[in-house]
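First up is the structure itself, then whatever we jot down about it.
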Amino acid sequence: MPDYQLWLTFGVFIITVIFLMWRPGGLNESIPTSLGALLLILTGVSSLGHILGIFEIVSGAAITILSTIVMSIILDSIGFFRWIAVNMIEKARGSGFRLFWLILLLCFLMTIFFNNDGSILITTPIIIRICSMLRLKIHQQLPYLISGALIATASSAPIGLSNLANLIALKMVGLNLNTYTQMMFVPSMLGIIAMTLLLLYYFRRSIPKVIHHFPVSMQNSSGSGYHPLQTTEFESDNSKTNVDWWLFRVCIGIVVLIRAGYFLAEQFGVHMEIVAITGVVLMLAVRWYRTRSGLKDVVTQTPWHILLFAFSIYIIVDSLHRAGMTTWITEFTGPIAERGNASLIAVSGLLLTVLSNLFNNLPSVMIGTFAVTDLHLSDTQLHLAYLANILGSDIGALLTPIGTLATLIWMYILRTHHIRVSWKQYMKVTFIVIPISLIISLFSLYIWVALLY
């Protein structure tokens with residue numbers, strides 16, 4: 001690569017990362033990445049052959065993530081998230097600590113069944129609405145808001161389906177979903193459990209012991225009036241307060257079956273995007289049969305730009321890889337990794353933590369994956385290094401608000417609701433909670449894989 005292309009590639013990368021973190025005026029994240037990728041294509045840094053190879057790697061993961069978001073749109077249209085909001089307070093039965101556990105469970109499940117960015121977009125307005133209904137003061141809201149965001153984001157680690165970067169990198173290292181889950185579920189869950197307990201301890205004095213307890217129902221509550229991928233306030237919508245419970249249960253059942261189907265289909269060589277699209281078609285068909293609802297809400301509310309975003313960010317990172325950035329990383333990490341699996345896990349996880357908090361985790365996990373594939377490791381060591389990368393990018397990246405796209409979205413949602421959480425407030429929590437959770441996860445990965453193999 002000529003020198004001018006080398007410097008152009010690094011310049012495009014730095015400027016893209018700045019705009020991804022800054023997002024002036026709520027700028028769509030696909031705009032800076034697309035412009036950067038287009039510049040690299042026009043200047044010949046990325047050729048047609050590179051583009052076709054990138055499309056093959058990225059398309060399946062992007063379609064899968066997009067399909068899960070479409071399913072969340074359908075669930076919202078039948079009242080699922082509104083039902084959650086009105087039942088959370090009732091199930092808490094006047095206990096602020098019980099509400100804390102319920103909110104964290106909600107955030108965990110939303111990420112497991114959908115994805116981390118979708119979980120943030122869905123759960124944050126729900127948590128804000130609950131805090132508003134309970135008339136909590138800002139210092140009483142912070143335990144729920146910050147803890148919910150951290151758990152929702154970290155919960156993308158246990159299974160590879162819950163994060164776009166995880167899915168793309170999964171294909172790069174030749175690891176399938178079942179093996180990923182077998183190797184990663186226990187270590188990452190131990191880290192998430194540790195994070196939950198640390199958050200509970202940190203916020204123990206801020207969580208209200210007693211909250212308002214009043215019965216709520218779908219009939220007397222405000223409708224959501226919001227789409228899970230938007231950040232507007234809940235609005236009254238009496239036309240949506242009656243729930244079709246048959247449709248409700250069938251759609252939830254489809255979501256569960258499709259989630260399980262990803263792991264079953266893999267054994268028969270069926271691509272995960274086929275399973276994802278099947279789930280969307282089934283849910284749309286069932287909804288149409290029951291309500292005669294068309295495709296308008298799905299077409300207009302689906303963030304189609306995710307396809308463009310995934311494709312363009314990968315073009316930039318692939319160009320960066322060919323420009324030699326990953327060579328520098330492998331020269332640094334190689335000697336350490338040769339000392340054994342423990343050193344390999346530690347250096348991979350800590351390196352991705354640093355890169356993610358400097359440059360955001362989406363480009364960082366791709367850079368890290370390129371780097372470990374250049375280390376000429378055995379299959380088991382390659383998978384270990386990749387999994388440690390994921391722990392660094394999903395858990396370690398939470399040290400600062402710029403570490404993940406999900407936390408950047410979370411900060412933006414809070415601003416639109418006139419809730420101010422400063423970097424200092426956020427990092428006072430994360431600099432205590434995240435390092436311990438990351439170390440537990442990385443150590444558990446080493447022990448767990450040693451027991452398995």
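Naming scheme: A, B, ... for chains in displayed order of the structure tokens; residues 1 onward per chain; ligands 1 onward as shown.
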(message) Need to verify the contact set: stretch 99-107 of chain A, 9 Å, only C-alpha atoms, exclusion of same-chain residues closer than 2 positions in sequence. Can you return it as a PyMOL selection string?
(response) chain A and resi 84+88-89+91-97+109-112+116+119-120+122-124+127+143-144+147-153+155+196+200+207+211
(message) Give me the residues near A:Thr330 as a PyMOL selection string, where near means some atom within 8 Å (using only C-alpha atoms) and where sequence neighbours in that chain fewer than 6 positions away do not count.
(response) chain A and resi 371-372+374-375
(request) Work out how far apart atom CA of A:Gly60 and atom CA of A:Leu391 are and give it in Å to one decimal. (result)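 So the two atoms, atom CA of A:Gly60 and atom CA of A:Leu391, lie 22.4 Å apart.
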May I have all residues of stretch 252-418 of chain A that DSSP, computed from the backbone, assigns to helix (DSSP H, G or I), given as a compact mmCIF listing (two decimals) with N, CA and C atoms, in the first residue's frame?
# COMPACT_ATOMS: atom_id res chain seq x y z
N ILE A 252 -44.46 -14.64 21.28
CA ILE A 252 -43.38 -14.93 22.23
C ILE A 252 -42.83 -16.33 21.98
N GLY A 253 -43.72 -17.26 21.72
CA GLY A 253 -43.28 -18.62 21.43
C GLY A 253 -42.40 -18.70 20.19
N ILE A 254 -42.75 -17.92 19.16
CA ILE A 254 -41.94 -17.90 17.93
C ILE A 254 -40.54 -17.36 18.23
N VAL A 255 -40.47 -16.30 19.02
CA VAL A 255 -39.17 -15.71 19.36
C VAL A 255 -38.29 -16.74 20.06
N VAL A 256 -38.86 -17.46 21.03
CA VAL A 256 -38.11 -18.47 21.78
C VAL A 256 -37.65 -19.60 20.85
N LEU A 257 -38.56 -20.07 20.00
CA LEU A 257 -38.22 -21.16 19.09
C LEU A 257 -37.14 -20.76 18.09
N ILE A 258 -37.24 -19.55 17.58
CA ILE A 258 -36.24 -19.08 16.61
C ILE A 258 -34.88 -18.95 17.28
N ARG A 259 -34.89 -18.47 18.52
CA ARG A 259 -33.61 -18.34 19.24
C ARG A 259 -32.95 -19.71 19.41
N ALA A 260 -33.76 -20.69 19.78
CA ALA A 260 -33.23 -22.06 19.90
C ALA A 260 -32.87 -22.62 18.53
N GLY A 261 -33.64 -22.21 17.50
CA GLY A 261 -33.41 -22.71 16.15
C GLY A 261 -32.06 -22.35 15.59
N TYR A 262 -31.49 -21.22 16.02
CA TYR A 262 -30.16 -20.85 15.54
C TYR A 262 -29.14 -21.95 15.85
N PHE A 263 -29.23 -22.51 17.06
CA PHE A 263 -28.26 -23.50 17.48
C PHE A 263 -28.54 -24.86 16.84
N LEU A 264 -29.82 -25.18 16.65
CA LEU A 264 -30.17 -26.46 16.03
C LEU A 264 -29.84 -26.46 14.54
N ALA A 265 -30.16 -25.35 13.87
CA ALA A 265 -29.96 -25.27 12.42
C ALA A 265 -28.49 -25.39 12.04
N GLU A 266 -27.63 -24.91 12.91
CA GLU A 266 -26.20 -24.92 12.63
C GLU A 266 -25.68 -26.35 12.43
N MET A 272 -27.63 -18.98 9.69
CA MET A 272 -28.43 -18.36 10.73
C MET A 272 -29.36 -17.28 10.18
N GLU A 273 -28.97 -16.59 9.10
CA GLU A 273 -29.84 -15.56 8.55
C GLU A 273 -31.13 -16.16 7.98
N ILE A 274 -31.08 -17.43 7.52
CA ILE A 274 -32.29 -18.11 7.03
C ILE A 274 -33.25 -18.32 8.19
N VAL A 275 -32.71 -18.75 9.33
CA VAL A 275 -33.53 -18.94 10.53
C VAL A 275 -34.16 -17.62 10.97
N ALA A 276 -33.35 -16.56 10.96
CA ALA A 276 -33.83 -15.25 11.39
C ALA A 276 -34.96 -14.74 10.50
N ILE A 277 -34.78 -14.86 9.19
CA ILE A 277 -35.81 -14.40 8.26
C ILE A 277 -37.08 -15.24 8.41
N THR A 278 -36.92 -16.55 8.67
CA THR A 278 -38.08 -17.41 8.90
C THR A 278 -38.89 -16.93 10.09
N GLY A 279 -38.21 -16.54 11.16
CA GLY A 279 -38.90 -16.02 12.35
C GLY A 279 -39.70 -14.77 12.04
N VAL A 280 -39.10 -13.87 11.28
CA VAL A 280 -39.79 -12.63 10.91
C VAL A 280 -41.03 -12.93 10.08
N VAL A 281 -40.89 -13.80 9.09
CA VAL A 281 -42.03 -14.15 8.22
C VAL A 281 -43.15 -14.78 9.03
N LEU A 282 -42.81 -15.69 9.94
CA LEU A 282 -43.83 -16.33 10.78
C LEU A 282 -44.58 -15.32 11.64
N MET A 283 -43.83 -14.41 12.27
CA MET A 283 -44.47 -13.42 13.14
C MET A 283 -45.35 -12.46 12.34
N LEU A 284 -44.89 -12.06 11.16
CA LEU A 284 -45.70 -11.19 10.32
C LEU A 284 -46.97 -11.91 9.86
N ALA A 285 -46.84 -13.19 9.51
CA ALA A 285 -47.99 -13.96 9.05
C ALA A 285 -49.03 -14.13 10.16
N VAL A 286 -48.56 -14.46 11.36
CA VAL A 286 -49.47 -14.64 12.49
C VAL A 286 -50.16 -13.33 12.83
N ARG A 287 -49.39 -12.23 12.84
CA ARG A 287 -50.00 -10.93 13.15
C ARG A 287 -51.04 -10.55 12.09
N TRP A 288 -50.73 -10.79 10.81
CA TRP A 288 -51.68 -10.46 9.75
C TRP A 288 -52.94 -11.30 9.88
N TYR A 289 -52.78 -12.58 10.18
CA TYR A 289 -53.93 -13.47 10.34
C TYR A 289 -54.85 -12.99 11.45
N ARG A 290 -54.25 -12.48 12.52
CA ARG A 290 -55.04 -12.09 13.69
C ARG A 290 -55.58 -10.67 13.60
N THR A 291 -54.77 -9.75 13.03
CA THR A 291 -55.14 -8.33 13.08
C THR A 291 -55.28 -7.68 11.70
N LYS A 296 -46.44 -1.82 6.98
CA LYS A 296 -46.04 -0.42 7.02
C LYS A 296 -45.13 -0.11 8.20
N ASP A 297 -45.51 -0.56 9.40
CA ASP A 297 -44.70 -0.24 10.58
C ASP A 297 -43.32 -0.87 10.50
N VAL A 298 -43.25 -2.10 9.97
CA VAL A 298 -41.97 -2.79 9.85
C VAL A 298 -41.07 -2.08 8.84
N VAL A 299 -41.64 -1.71 7.70
CA VAL A 299 -40.86 -1.06 6.64
C VAL A 299 -40.35 0.30 7.09
N THR A 300 -41.20 1.07 7.77
CA THR A 300 -40.83 2.44 8.13
C THR A 300 -39.99 2.53 9.39
N GLN A 301 -40.10 1.56 10.28
CA GLN A 301 -39.42 1.66 11.57
C GLN A 301 -38.15 0.82 11.67
N HIS A 305 -30.38 0.97 7.92
CA HIS A 305 -29.01 1.46 7.81
C HIS A 305 -27.99 0.54 8.47
N ILE A 306 -28.46 -0.42 9.30
CA ILE A 306 -27.53 -1.34 9.95
C ILE A 306 -26.73 -2.13 8.91
N LEU A 307 -27.37 -2.50 7.80
CA LEU A 307 -26.68 -3.21 6.74
C LEU A 307 -25.53 -2.37 6.18
N LEU A 308 -25.84 -1.11 5.92
CA LEU A 308 -24.83 -0.19 5.38
C LEU A 308 -23.73 0.07 6.41
N PHE A 309 -24.14 0.22 7.67
CA PHE A 309 -23.18 0.49 8.74
C PHE A 309 -22.18 -0.66 8.89
N ALA A 310 -22.71 -1.89 8.96
CA ALA A 310 -21.84 -3.06 9.14
C ALA A 310 -20.88 -3.21 7.97
N PHE A 311 -21.40 -3.02 6.77
CA PHE A 311 -20.57 -3.17 5.57
C PHE A 311 -19.48 -2.11 5.51
N SER A 312 -19.85 -0.86 5.76
CA SER A 312 -18.89 0.24 5.63
C SER A 312 -17.83 0.23 6.72
N ILE A 313 -18.22 -0.09 7.98
CA ILE A 313 -17.22 -0.11 9.06
C ILE A 313 -16.22 -1.23 8.82
N TYR A 314 -16.69 -2.31 8.21
CA TYR A 314 -15.78 -3.42 7.95
C TYR A 314 -14.80 -3.06 6.84
N ILE A 315 -15.24 -2.30 5.84
CA ILE A 315 -14.33 -1.85 4.78
C ILE A 315 -13.20 -1.02 5.39
N ILE A 316 -13.56 -0.13 6.33
CA ILE A 316 -12.55 0.73 6.96
C ILE A 316 -11.56 -0.10 7.78
N VAL A 317 -12.08 -1.05 8.57
CA VAL A 317 -11.21 -1.86 9.41
C VAL A 317 -10.35 -2.80 8.57
N ASP A 318 -10.93 -3.36 7.51
CA ASP A 318 -10.15 -4.22 6.61
C ASP A 318 -9.01 -3.42 5.98
N SER A 319 -9.27 -2.19 5.59
CA SER A 319 -8.22 -1.33 5.03
C SER A 319 -7.15 -1.05 6.07
N LEU A 320 -7.58 -0.84 7.30
CA LEU A 320 -6.65 -0.59 8.40
C LEU A 320 -5.76 -1.82 8.63
N HIS A 321 -6.37 -2.98 8.53
CA HIS A 321 -5.63 -4.23 8.68
C HIS A 321 -4.55 -4.36 7.61
N ARG A 322 -4.92 -4.07 6.36
CA ARG A 322 -3.96 -4.16 5.27
C ARG A 322 -2.92 -3.04 5.31
N ALA A 323 -3.26 -1.95 6.05
CA ALA A 323 -2.30 -0.85 6.20
C ALA A 323 -1.22 -1.16 7.23
N MET A 325 -1.83 -1.93 10.77
CA MET A 325 -2.07 -1.69 12.20
C MET A 325 -2.06 -2.98 12.99
N THR A 326 -2.65 -4.03 12.42
CA THR A 326 -2.68 -5.30 13.15
C THR A 326 -1.30 -5.93 13.26
N THR A 327 -0.42 -5.60 12.33
CA THR A 327 0.97 -6.09 12.42
C THR A 327 1.65 -5.53 13.66
N TRP A 328 1.41 -4.26 13.94
CA TRP A 328 1.97 -3.66 15.15
C TRP A 328 1.43 -4.36 16.39
N ILE A 329 0.13 -4.67 16.37
CA ILE A 329 -0.49 -5.32 17.52
C ILE A 329 0.08 -6.72 17.72
N THR A 330 0.23 -7.47 16.63
CA THR A 330 0.75 -8.83 16.76
C THR A 330 2.21 -8.83 17.22
N GLU A 331 2.97 -7.85 16.80
CA GLU A 331 4.36 -7.75 17.25
C GLU A 331 4.44 -7.51 18.75
N PHE A 332 3.44 -6.80 19.28
CA PHE A 332 3.41 -6.53 20.72
C PHE A 332 2.87 -7.72 21.50
N THR A 333 1.79 -8.32 21.00
CA THR A 333 1.11 -9.38 21.75
C THR A 333 1.73 -10.76 21.54
N GLY A 334 2.38 -10.97 20.38
CA GLY A 334 2.91 -12.29 20.07
C GLY A 334 3.82 -12.88 21.14
N PRO A 335 4.87 -12.17 21.57
CA PRO A 335 5.76 -12.73 22.60
C PRO A 335 5.04 -13.06 23.90
N ILE A 336 4.04 -12.23 24.27
CA ILE A 336 3.31 -12.49 25.51
C ILE A 336 2.43 -13.73 25.35
N ALA A 337 1.76 -13.82 24.19
CA ALA A 337 0.84 -14.93 23.94
C ALA A 337 1.56 -16.27 23.94
N ASN A 341 -1.69 -20.16 27.60
CA ASN A 341 -3.08 -19.73 27.43
C ASN A 341 -3.47 -18.61 28.38
N ALA A 342 -2.97 -18.65 29.60
CA ALA A 342 -3.32 -17.61 30.57
C ALA A 342 -2.83 -16.24 30.07
N SER A 343 -1.60 -16.20 29.58
CA SER A 343 -1.05 -14.94 29.06
C SER A 343 -1.80 -14.50 27.81
N LEU A 344 -2.14 -15.47 26.95
CA LEU A 344 -2.87 -15.16 25.72
C LEU A 344 -4.23 -14.53 26.03
N ILE A 345 -4.95 -15.11 27.00
CA ILE A 345 -6.26 -14.58 27.39
C ILE A 345 -6.12 -13.20 28.00
N ALA A 346 -5.15 -13.05 28.87
CA ALA A 346 -4.97 -11.76 29.56
C ALA A 346 -4.63 -10.64 28.59
N VAL A 347 -3.66 -10.88 27.70
CA VAL A 347 -3.23 -9.81 26.80
C VAL A 347 -4.33 -9.49 25.79
N SER A 348 -5.07 -10.50 25.32
CA SER A 348 -6.14 -10.27 24.36
C SER A 348 -7.29 -9.47 24.99
N GLY A 349 -7.70 -9.88 26.20
CA GLY A 349 -8.80 -9.19 26.86
C GLY A 349 -8.46 -7.77 27.26
N LEU A 350 -7.25 -7.58 27.80
CA LEU A 350 -6.86 -6.24 28.25
C LEU A 350 -6.59 -5.31 27.07
N LEU A 351 -6.02 -5.85 26.00
CA LEU A 351 -5.78 -5.04 24.81
C LEU A 351 -7.09 -4.53 24.22
N LEU A 352 -8.09 -5.40 24.12
CA LEU A 352 -9.39 -4.99 23.58
C LEU A 352 -10.10 -4.02 24.51
N THR A 353 -9.86 -4.14 25.80
CA THR A 353 -10.43 -3.17 26.74
C THR A 353 -9.87 -1.78 26.47
N VAL A 354 -8.56 -1.69 26.29
CA VAL A 354 -7.92 -0.40 26.02
C VAL A 354 -8.37 0.16 24.67
N LEU A 355 -8.32 -0.67 23.62
CA LEU A 355 -8.71 -0.22 22.28
C LEU A 355 -10.17 0.23 22.25
N SER A 356 -11.04 -0.53 22.91
CA SER A 356 -12.47 -0.21 22.89
C SER A 356 -12.75 1.12 23.57
N ASN A 357 -12.08 1.37 24.67
CA ASN A 357 -12.32 2.62 25.39
C ASN A 357 -11.66 3.82 24.71
N LEU A 358 -10.74 3.54 23.80
CA LEU A 358 -10.14 4.62 23.02
C LEU A 358 -10.89 4.87 21.71
N PHE A 359 -11.30 3.76 21.04
CA PHE A 359 -11.83 3.87 19.68
C PHE A 359 -13.24 3.35 19.50
N ASN A 361 -15.90 -0.11 20.66
CA ASN A 361 -15.64 -1.55 20.60
C ASN A 361 -15.91 -2.20 19.24
N LEU A 362 -16.80 -1.59 18.42
CA LEU A 362 -17.11 -2.25 17.15
C LEU A 362 -15.89 -2.33 16.23
N PRO A 363 -15.21 -1.22 15.92
CA PRO A 363 -14.00 -1.38 15.11
C PRO A 363 -12.89 -2.11 15.86
N SER A 364 -12.85 -1.94 17.19
CA SER A 364 -11.76 -2.54 17.97
C SER A 364 -11.82 -4.06 17.96
N VAL A 365 -13.03 -4.63 18.09
CA VAL A 365 -13.10 -6.10 18.12
C VAL A 365 -12.74 -6.68 16.76
N MET A 366 -13.02 -5.95 15.69
CA MET A 366 -12.61 -6.43 14.37
C MET A 366 -11.10 -6.35 14.21
N ILE A 367 -10.51 -5.25 14.68
CA ILE A 367 -9.05 -5.11 14.64
C ILE A 367 -8.40 -6.22 15.46
N GLY A 368 -8.95 -6.45 16.66
CA GLY A 368 -8.41 -7.50 17.52
C GLY A 368 -8.51 -8.87 16.89
N THR A 369 -9.61 -9.13 16.18
CA THR A 369 -9.79 -10.43 15.54
C THR A 369 -8.82 -10.60 14.38
N PHE A 370 -8.63 -9.56 13.59
CA PHE A 370 -7.61 -9.61 12.54
C PHE A 370 -6.24 -9.93 13.15
N ALA A 371 -5.95 -9.28 14.29
CA ALA A 371 -4.64 -9.45 14.92
C ALA A 371 -4.42 -10.89 15.37
N VAL A 372 -5.41 -11.49 16.03
CA VAL A 372 -5.22 -12.85 16.55
C VAL A 372 -5.15 -13.87 15.41
N THR A 373 -5.82 -13.59 14.29
CA THR A 373 -5.71 -14.52 13.16
C THR A 373 -4.33 -14.46 12.51
N ASP A 379 -6.13 -23.90 16.65
CA ASP A 379 -7.55 -23.57 16.65
C ASP A 379 -8.05 -23.22 18.05
N THR A 380 -7.65 -24.01 19.04
CA THR A 380 -8.11 -23.76 20.42
C THR A 380 -7.57 -22.42 20.93
N GLN A 381 -6.31 -22.14 20.67
CA GLN A 381 -5.73 -20.87 21.10
C GLN A 381 -6.37 -19.67 20.37
N LEU A 382 -6.65 -19.86 19.07
CA LEU A 382 -7.31 -18.80 18.30
C LEU A 382 -8.68 -18.50 18.89
N HIS A 383 -9.41 -19.54 19.23
CA HIS A 383 -10.74 -19.35 19.81
C HIS A 383 -10.65 -18.69 21.19
N LEU A 384 -9.66 -19.09 21.97
CA LEU A 384 -9.45 -18.48 23.28
C LEU A 384 -9.15 -16.99 23.16
N ALA A 385 -8.27 -16.65 22.23
CA ALA A 385 -7.91 -15.24 22.04
C ALA A 385 -9.11 -14.44 21.58
N TYR A 386 -9.91 -15.02 20.67
CA TYR A 386 -11.12 -14.35 20.19
C TYR A 386 -12.12 -14.13 21.33
N LEU A 387 -12.34 -15.16 22.14
CA LEU A 387 -13.30 -15.04 23.26
C LEU A 387 -12.82 -14.01 24.28
N ALA A 388 -11.52 -13.97 24.52
CA ALA A 388 -10.98 -12.94 25.42
C ALA A 388 -11.19 -11.55 24.82
N ASN A 389 -11.03 -11.44 23.49
CA ASN A 389 -11.33 -10.18 22.80
C ASN A 389 -12.77 -9.76 23.06
N ILE A 390 -13.69 -10.71 22.96
CA ILE A 390 -15.12 -10.41 23.15
C ILE A 390 -15.38 -9.94 24.58
N LEU A 391 -14.75 -10.57 25.55
CA LEU A 391 -14.93 -10.14 26.94
C LEU A 391 -14.40 -8.72 27.12
N GLY A 392 -13.28 -8.41 26.48
CA GLY A 392 -12.74 -7.06 26.56
C GLY A 392 -13.63 -6.04 25.87
N SER A 393 -14.25 -6.43 24.75
CA SER A 393 -15.07 -5.48 23.99
C SER A 393 -16.50 -5.38 24.51
N ASP A 394 -17.00 -6.43 25.19
CA ASP A 394 -18.37 -6.39 25.70
C ASP A 394 -18.44 -5.97 27.17
N GLY A 396 -15.14 -5.11 29.26
CA GLY A 396 -14.09 -4.12 29.52
C GLY A 396 -14.37 -2.77 28.88
N ALA A 397 -15.06 -2.76 27.75
CA ALA A 397 -15.36 -1.51 27.04
C ALA A 397 -16.30 -0.60 27.80
N LEU A 398 -16.93 -1.11 28.84
CA LEU A 398 -17.91 -0.33 29.61
C LEU A 398 -17.26 0.66 30.57
N LEU A 399 -15.95 0.69 30.62
CA LEU A 399 -15.27 1.63 31.52
C LEU A 399 -15.67 3.08 31.24
N LEU A 405 -21.16 1.21 21.33
CA LEU A 405 -22.23 1.95 20.65
C LEU A 405 -23.48 1.97 21.52
N ALA A 406 -23.72 0.89 22.27
CA ALA A 406 -24.90 0.81 23.12
C ALA A 406 -24.90 1.89 24.20
N THR A 407 -23.75 2.12 24.85
CA THR A 407 -23.70 3.15 25.90
C THR A 407 -23.79 4.56 25.31
N LEU A 408 -23.28 4.73 24.08
CA LEU A 408 -23.45 6.03 23.41
C LEU A 408 -24.93 6.28 23.12
N ILE A 409 -25.63 5.24 22.67
CA ILE A 409 -27.07 5.36 22.42
C ILE A 409 -27.80 5.65 23.72
N TRP A 410 -27.39 4.99 24.79
CA TRP A 410 -28.00 5.18 26.11
C TRP A 410 -27.85 6.62 26.59
N MET A 411 -26.67 7.19 26.44
CA MET A 411 -26.46 8.58 26.83
C MET A 411 -27.34 9.52 26.01
N TYR A 412 -27.49 9.21 24.73
CA TYR A 412 -28.32 10.04 23.85
C TYR A 412 -29.79 9.96 24.27
N ILE A 413 -30.27 8.76 24.59
CA ILE A 413 -31.66 8.60 25.04
C ILE A 413 -31.91 9.40 26.31
N LEU A 414 -30.97 9.34 27.24
CA LEU A 414 -31.12 10.09 28.49
C LEU A 414 -31.21 11.59 28.21
N ARG A 415 -30.37 12.08 27.31
CA ARG A 415 -30.41 13.52 26.98
C ARG A 415 -31.75 13.92 26.39
N THR A 416 -32.32 13.06 25.53
CA THR A 416 -33.60 13.40 24.92
C THR A 416 -34.73 13.42 25.95
(message) With only C-alpha atoms as the counted atoms, please give the residues lying no more than 7 Å from A:Gly118, apart from itself and same-chain residues fewer than 3 positions off, as a ChimeraX atom specification.
(response) /A:69,114-115,121-122,229
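As for atom CA of A:Ala61 and atom CA of A:Ile18, they are spaced 24.7 Å apart.
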Hey, which bits of stretch 113-196 of chain A sit within 10 Å of stretch 34-57 of chain A, and for each residue what's the closest pair of atoms and how far apart in Å (one decimal), counting only C-alpha atoms, rows by chain and increasing number, as a tab-separated table?
residue	atom	partner	partner_atom	distance
A:Leu167	CA	A:Ile57	CA	9.5
A:Ile168	CA	A:Ile57	CA	6.6
A:Ala169	CA	A:Ile57	CA	8.8
A:Leu170	CA	A:Ile57	CA	9.7
A:Lys171	CA	A:Ile57	CA	6.9
A:Met172	CA	A:Ile57	CA	7.6
Please produce a file of those selected residues containing N, CA, C and O atoms, as a PDB file, in the first residue's frame.
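Writing the result to part_11.pdb gives the following:
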ATOM      1  N   LEU A 167     -20.881 -11.491  16.000  1.00  0.00           N
ATOM      2  CA  LEU A 167     -21.277 -12.367  14.900  1.00  0.00           C
ATOM      3  C   LEU A 167     -20.307 -12.286  13.727  1.00  0.00           C
ATOM      4  O   LEU A 167     -19.959 -13.303  13.129  1.00  0.00           O
ATOM      5  N   ILE A 168     -19.893 -11.068  13.380  1.00  0.00           N
ATOM      6  CA  ILE A 168     -18.964 -10.901  12.259  1.00  0.00           C
ATOM      7  C   ILE A 168     -17.629 -11.572  12.576  1.00  0.00           C
ATOM      8  O   ILE A 168     -17.075 -12.317  11.769  1.00  0.00           O
ATOM      9  N   ALA A 169     -17.114 -11.299  13.779  1.00  0.00           N
ATOM     10  CA  ALA A 169     -15.821 -11.866  14.168  1.00  0.00           C
ATOM     11  C   ALA A 169     -15.894 -13.380  14.325  1.00  0.00           C
ATOM     12  O   ALA A 169     -14.908 -14.091  14.091  1.00  0.00           O
ATOM     13  N   LEU A 170     -17.068 -13.885  14.709  1.00  0.00           N
ATOM     14  CA  LEU A 170     -17.270 -15.327  14.873  1.00  0.00           C
ATOM     15  C   LEU A 170     -16.934 -16.069  13.590  1.00  0.00           C
ATOM     16  O   LEU A 170     -16.240 -17.089  13.594  1.00  0.00           O
ATOM     17  N   LYS A 171     -17.392 -15.525  12.481  1.00  0.00           N
ATOM     18  CA  LYS A 171     -17.142 -16.150  11.180  1.00  0.00           C
ATOM     19  C   LYS A 171     -15.669 -16.061  10.805  1.00  0.00           C
ATOM     20  O   LYS A 171     -15.123 -16.962  10.160  1.00  0.00           O
ATOM     21  N   MET A 172     -15.019 -14.976  11.211  1.00  0.00           N
ATOM     22  CA  MET A 172     -13.612 -14.772  10.852  1.00  0.00           C
ATOM     23  C   MET A 172     -12.696 -15.815  11.488  1.00  0.00           C
ATOM     24  O   MET A 172     -11.670 -16.183  10.907  1.00  0.00           O
TER      25      MET A 172
END
(message) Taking only C-alpha atoms into account, name the residue in A:Ile14, A:Val421, A:Val243, A:Ala154 that is nearest to A:Ser188.
(response)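 Looking only at the distances to A:Ser188, the closest residue turns out to be A:Ala154.
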(request) Can you pull out every residue within 8 Å of A:Thr430, counting only C-alpha atoms, but drop anything in the same chain fewer than 3 positions away, and send it as a PyMOL selection string? (result) chain A and resi 398-400+426-427+433-435
